[in-house]
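The block underneath contains the structure these notes are about, expressed in structure tokens.
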Amino acid sequence: MRLGSGTFAAGCVVIEVLGVALFLRGFFPAPVFSGAERQAESPAPEPSAGASSNWTELPPPLFSKVVILLIDALRDDFVFGSKGVKFMPYTTYLVEKGSSLSFVAEAKPPTVTMPRIKALLTGSLPGFIDVVRNLNSPTLMEDNVITRAKAAGKRIIFYGDETWVKLFPKHFVEYDGTTSFFVSDYTEVDNNVTRHLDKVLKRQDWDMLILHYLGLDHIGHISGPSSPLVGHKLSEMDSILMKIHTALLAEERDPLLPSLLVLCGDHGMSEAGGHGASSMEEVNTALVLVSSAFERKPGDVRHPTRIQQTDLAATLSIGLGLPIPKSNTGGLMFPVVEGRPMREQLRFLHLNTVQLSKLLQENVPSYNKEPGFEQFKVSERLHRNWIRLYLEENNSEVVFNLGAKVRRQYLDALRTLKLSLSRRAAQYDVYSMAVGTVLVLEALILLLLSVPQALSSRAELDVPLLSPVCSLLFYLLLLALTALHVVVCTAADSSCYLCSLPWLAAGGVMTLIAALLCAGMSALTRVFAGGKCLSQVGLAFQNPPQSTSRWSELDLLSFLGTVGHVLSLGASSFIEEEHQTCSDHKAELSVLAALSLTMIFVLVQKRCSLTSKVAMAFGLLGIYCYRAAIGNVLFPWQQDNKDISKGITEARFVYVFVLGILFTGTKDLLKSQIIAADFTARTVGLWEIHSGLVLLATLLLRPHNLPVLVLSLAIQTIMAQFIWRPLRHDVAEVTVMHYWFGQAFFYFQGNSNSIATVDISAGFVGLDAYMEIPAMFLTAFATYSGPVLWASHLVNFLTSEASSGSALSHACFCYALICSIPVSVYIILVTSLRYHLFIWSVFSPKLLYEGMHLLITAAVCIFFTAMDQTNTKS
């Protein structure tokens, strides 16, 4: 079966995308959870050894009302550092001298909102795949504090981030949700919460009040933690906390239980203003518990202690007199109950350890050999003896000393159980990972074996598909793979994703693996049967007239670049070099932005039609007006620079010209289809589409990145005019250089392998409300504008050559191959490093980025193939 090299490459990349998706599905494990229905279970009774202990019910609540004040992106130094002292005086007073307990709560990666809310309320460790689910949060089915509180008749009111409403759609007696993704707004999004406060604090018809403020997080995304806006927002939050605390104190009466005010953050904020990964600034969050129950004596100095963020779920459950969520992996924050009688302390710790031990039994087959389980049994035995002694001698010093020993034993058991469960959270679906890896490697091998034919002058190759499928080997392989699938799915201790698929779908995967394996073996046989050495894979990248025996310098550089890229991915740290321009230098930034916009027009407009030139000029002017409207740059004639429209009108003005230029380019392409061999219309149309994408990138990128965009366009112009054409580089070399320049500018614009550097504010340029699809598209385009613009320029460069022939097919094949090698090797590397200390904080984000690069490569290859078909018809 004969295929064009572009079509073949596009098919291989699509198969690799399928393999990577399957690998990721197995790599990101399901979190530790309890599958047993224990909602109606009676609480574990107090241990007793023949004594008449009748404490079989849950302990009564410690607090009458609970207010959770969650400030998004409240990292620890915003409260406990110099910013807290300066901008949050009331909170600082409570921390240093008031009735409070202070903690630095560590949030495990991924440090994004939805997984962190789950961790706070379920006590479980959300999976890394929740980064994707964060965009559209589903209903939370896990056992959690909110569900338990509602079942106990607690009346819950919520105002703030609508993620809570999505997670708990029928749990609040009153709520008002605001979108968390419209990061351009940091004022109304908080005013929408505060406007309810005066009314609700005067009412007595609620038991829990949850407030989720988003403004601080949005300021971080817009201008970073050093922005002057951060101080103003912290002061605003401090006044809100004072209002709530004052109202709670005014309601407290002696006969009633005290109230509890929880000040916390869901995650921190990186020095660039983002979050999602594992830097200290992102994982360390402030947690302050304020209650008259925590009154301190004069001279009692309490420093913030480190805990896990998951510990809050068990603490809130105990405080509200609720069962601990059954999937909880956290421990009770002991200072909360330290002032209670010894019997109550031990009762609380016993309930927590019983819950953790049951969770361990459900998730670890050899649970009875785990040190934490053994410590729990020892603690329970000591507790039983203490109960007997306590009932006999209520006030004896011996009873107190033994109780303190039991307490220490319980705390040690809690720490060990938590460690065992956190290790269990790193269990992988190895079967799905293996199948995905096989698919990726098979596609890569086919690409490598097809290099000599695919890069030949005809750009066609004979793909051995029909003959292998009809061979005996194919059916034997399919039978063996099917048998292996049955064995794995019937013998596996844990569930596998592939085993949960319908048999028809799983059979399709096995058929694809068998067919690709046979095709690869057939291609390999033909290579050796024809007397060809595998070294021709490297020789095919050279200029056929100049060299037939060794690699050129550029081939060697491309090879070393690919190897270096793979090795860098194996490093246990991120590759990043971020540059920021402080808002204090607004005048200099304004001049730099104006010069950059002028240079962009000079570099892009030369091959556009007159209409597109005019649209480009007005679009670039609108971009400067947009940046001035939101306060990034200055208008020369408007020094006060009043924020009137927040840039929405100006950005939409630019979008009109972007769409106009793209429409003009598409029209010229269609014209080249109608008028056969209309070379000029095709080249002009492609360049106008390229210029439209440049205009869109100029709008979305931060102003300090405009010089980076100018540099990228200037390099494209210089390389095309003085390097590629005069030196007659072949298609393979030009394609590889475009690919690596695109990768380089991905990092030059401030991106890294860390999720925290994704600029989500780009997704809301010109939007006055959150719209999921446009926001996702704009964010993705802004993030990958470097690779996209270089791929677009590659199409223009190759198409501009009238004698290009099958250049786009060659380019598609080379693009697919140069991207497939790092992805394939890195999958194997990540598999071998899956128990590394930094697997979730460093290697997992890198894997997601490599998967995204492969997805973009698939889109590029499909576009190249479609353009090649258009050229062929023309």
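Here's how to read the names in the structure tokens: chain A, B, ... by the order shown, residue numbers from 1 in each chain, ligand numbers from 1 in the order shown.
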
I'd like the contact shell of range 783-799 of chain A - 6 Å cut-off, only C-alpha atoms, skipping same-chain residues fewer than 2 positions apart - returned as a PyMOL selection string. chain A and resi 690+738+742-743+745-746+780-781+801

Helix (DSSP H, G or I) call set, DSSP backbone run, range 369-478 of chain A, as a PyMOL selection string: chain A and resi 369+371-392+397-424+430-449+451-454+466-469+472-478

Top pick for closest residue to Leu421 in chain A, considering A:Leu855, A:Met616, A:Val13, A:Val364 and counting only C-alpha atoms: A:Val364

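Distance check against Val165 in chain A using only C-alpha atoms: of A:Lys358, A:His212, A:Lys199, A:Lys233, the minimum falls on A:His212.
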
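CA of Phe618 in chain A to CA of Ala593 in chain A spans 15.4 Å [interatomic distance, one decimal].
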
Which residue out of A:Trp740, A:Glu338, A:Ser500, A:Ser672 has the minimum interatomic distance to Gly561 in chain A when only C-alpha atoms are used?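 Under the stated criterion, the closest residue is A:Trp740.
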
Counting only C-alpha atoms, which residues of range 745-830 of chain A sit at most 8 Å from some atom of range 431-442 of chain A, and what is each one's closest atom pair with its distance in Å to one decimal, listed by chain and rising residue number, as a tab-separated table?
```
residue	atom	partner	partner_atom	distance
A:Ser824	CA	A:Val440	CA	6.1
A:Ile827	CA	A:Thr437	CA	6.9
A:Ile828	CA	A:Thr437	CA	7.5
```

Choose the residue, out of A:Ala404, A:Val463, A:Leu517, A:Leu263, that has the smallest atom-to-atom separation from Ile445 in chain A; count only C-alpha atoms. A:Leu517

For His303 in chain A, the nearest of the candidates A:Val758, A:Val67, A:Val288, A:Ile723, counting only C-alpha atoms: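 Checking each candidate against His303 in chain A, we get A:Val288 as the closest.
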
Near-range 678-689 of chain A list (7 Å; only C-alpha atoms; drop same-chain fewer than 6 positions) as a PyMOL selection string: chain A and resi 607-608+661-662+665-666+668-669+671-672+796+799-800

Prev. selection, N, CA and C atoms, output as a PDB file, in the first residue's frame:
```pdb
ATOM      1  N   ARG A 607       4.723  41.115   2.730  1.00  0.00           N
ATOM      2  CA  ARG A 607       4.153  40.160   1.762  1.00  0.00           C
ATOM      3  C   ARG A 607       2.632  40.112   1.828  1.00  0.00           C
ATOM      4  N   CYS A 608       2.018  41.009   2.606  1.00  0.00           N
ATOM      5  CA  CYS A 608       0.564  41.030   2.735  1.00  0.00           C
ATOM      6  C   CYS A 608      -0.054  41.902   1.641  1.00  0.00           C
ATOM      7  N   ILE A 661      -7.945  39.534   8.858  1.00  0.00           N
ATOM      8  CA  ILE A 661      -6.731  39.082   8.160  1.00  0.00           C
ATOM      9  C   ILE A 661      -6.793  37.583   7.883  1.00  0.00           C
ATOM     10  N   LEU A 662      -7.232  36.805   8.864  1.00  0.00           N
ATOM     11  CA  LEU A 662      -7.366  35.364   8.652  1.00  0.00           C
ATOM     12  C   LEU A 662      -8.384  35.052   7.557  1.00  0.00           C
ATOM     13  N   GLY A 665      -6.748  35.806   4.172  1.00  0.00           N
ATOM     14  CA  GLY A 665      -5.826  34.740   3.802  1.00  0.00           C
ATOM     15  C   GLY A 665      -6.526  33.481   3.364  1.00  0.00           C
ATOM     16  N   THR A 666      -7.582  33.111   4.070  1.00  0.00           N
ATOM     17  CA  THR A 666      -8.350  31.918   3.684  1.00  0.00           C
ATOM     18  C   THR A 666      -9.006  32.102   2.323  1.00  0.00           C
ATOM     19  N   ASP A 668      -7.849  33.876  -0.182  1.00  0.00           N
ATOM     20  CA  ASP A 668      -6.821  33.720  -1.204  1.00  0.00           C
ATOM     21  C   ASP A 668      -6.460  32.251  -1.413  1.00  0.00           C
ATOM     22  N   LEU A 669      -6.461  31.477  -0.317  1.00  0.00           N
ATOM     23  CA  LEU A 669      -6.190  30.041  -0.459  1.00  0.00           C
ATOM     24  C   LEU A 669      -7.285  29.362  -1.278  1.00  0.00           C
ATOM     25  N   LYS A 671      -9.113  30.786  -3.439  1.00  0.00           N
ATOM     26  CA  LYS A 671      -8.950  31.275  -4.814  1.00  0.00           C
ATOM     27  C   LYS A 671      -7.904  30.449  -5.554  1.00  0.00           C
ATOM     28  N   SER A 672      -6.828  30.075  -4.860  1.00  0.00           N
ATOM     29  CA  SER A 672      -5.798  29.261  -5.508  1.00  0.00           C
ATOM     30  C   SER A 672      -6.309  27.870  -5.832  1.00  0.00           C
ATOM     31  N   ASN A 796       5.016  28.552   5.068  1.00  0.00           N
ATOM     32  CA  ASN A 796       5.189  29.675   4.150  1.00  0.00           C
ATOM     33  C   ASN A 796       6.515  29.584   3.401  1.00  0.00           C
ATOM     34  N   THR A 799       6.324  26.609   0.857  1.00  0.00           N
ATOM     35  CA  THR A 799       5.351  26.846  -0.207  1.00  0.00           C
ATOM     36  C   THR A 799       5.788  27.978  -1.129  1.00  0.00           C
ATOM     37  N   SER A 800       6.605  28.902  -0.618  1.00  0.00           N
ATOM     38  CA  SER A 800       7.037  30.036  -1.441  1.00  0.00           C
ATOM     39  C   SER A 800       7.994  29.625  -2.542  1.00  0.00           C
TER      40      SER A 800
END
```

I'd like to know which of A:Ala651, A:Val656, A:Ile623, A:Leu557 is closest to Ser590 in chain A, using only C-alpha atoms.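 Of A:Ala651, A:Val656, A:Ile623, A:Leu557, the one nearest Ser590 in chain A is A:Ile623, counting only C-alpha atoms.
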
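Distance-wise, CA of Leu603 in chain A and CA of Ala617 in chain A end up 12.1 Å apart.
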
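The interatomic distance for the pair CA of Arg725 in chain A and CA of Leu693 in chain A works out to 24.1 Å.
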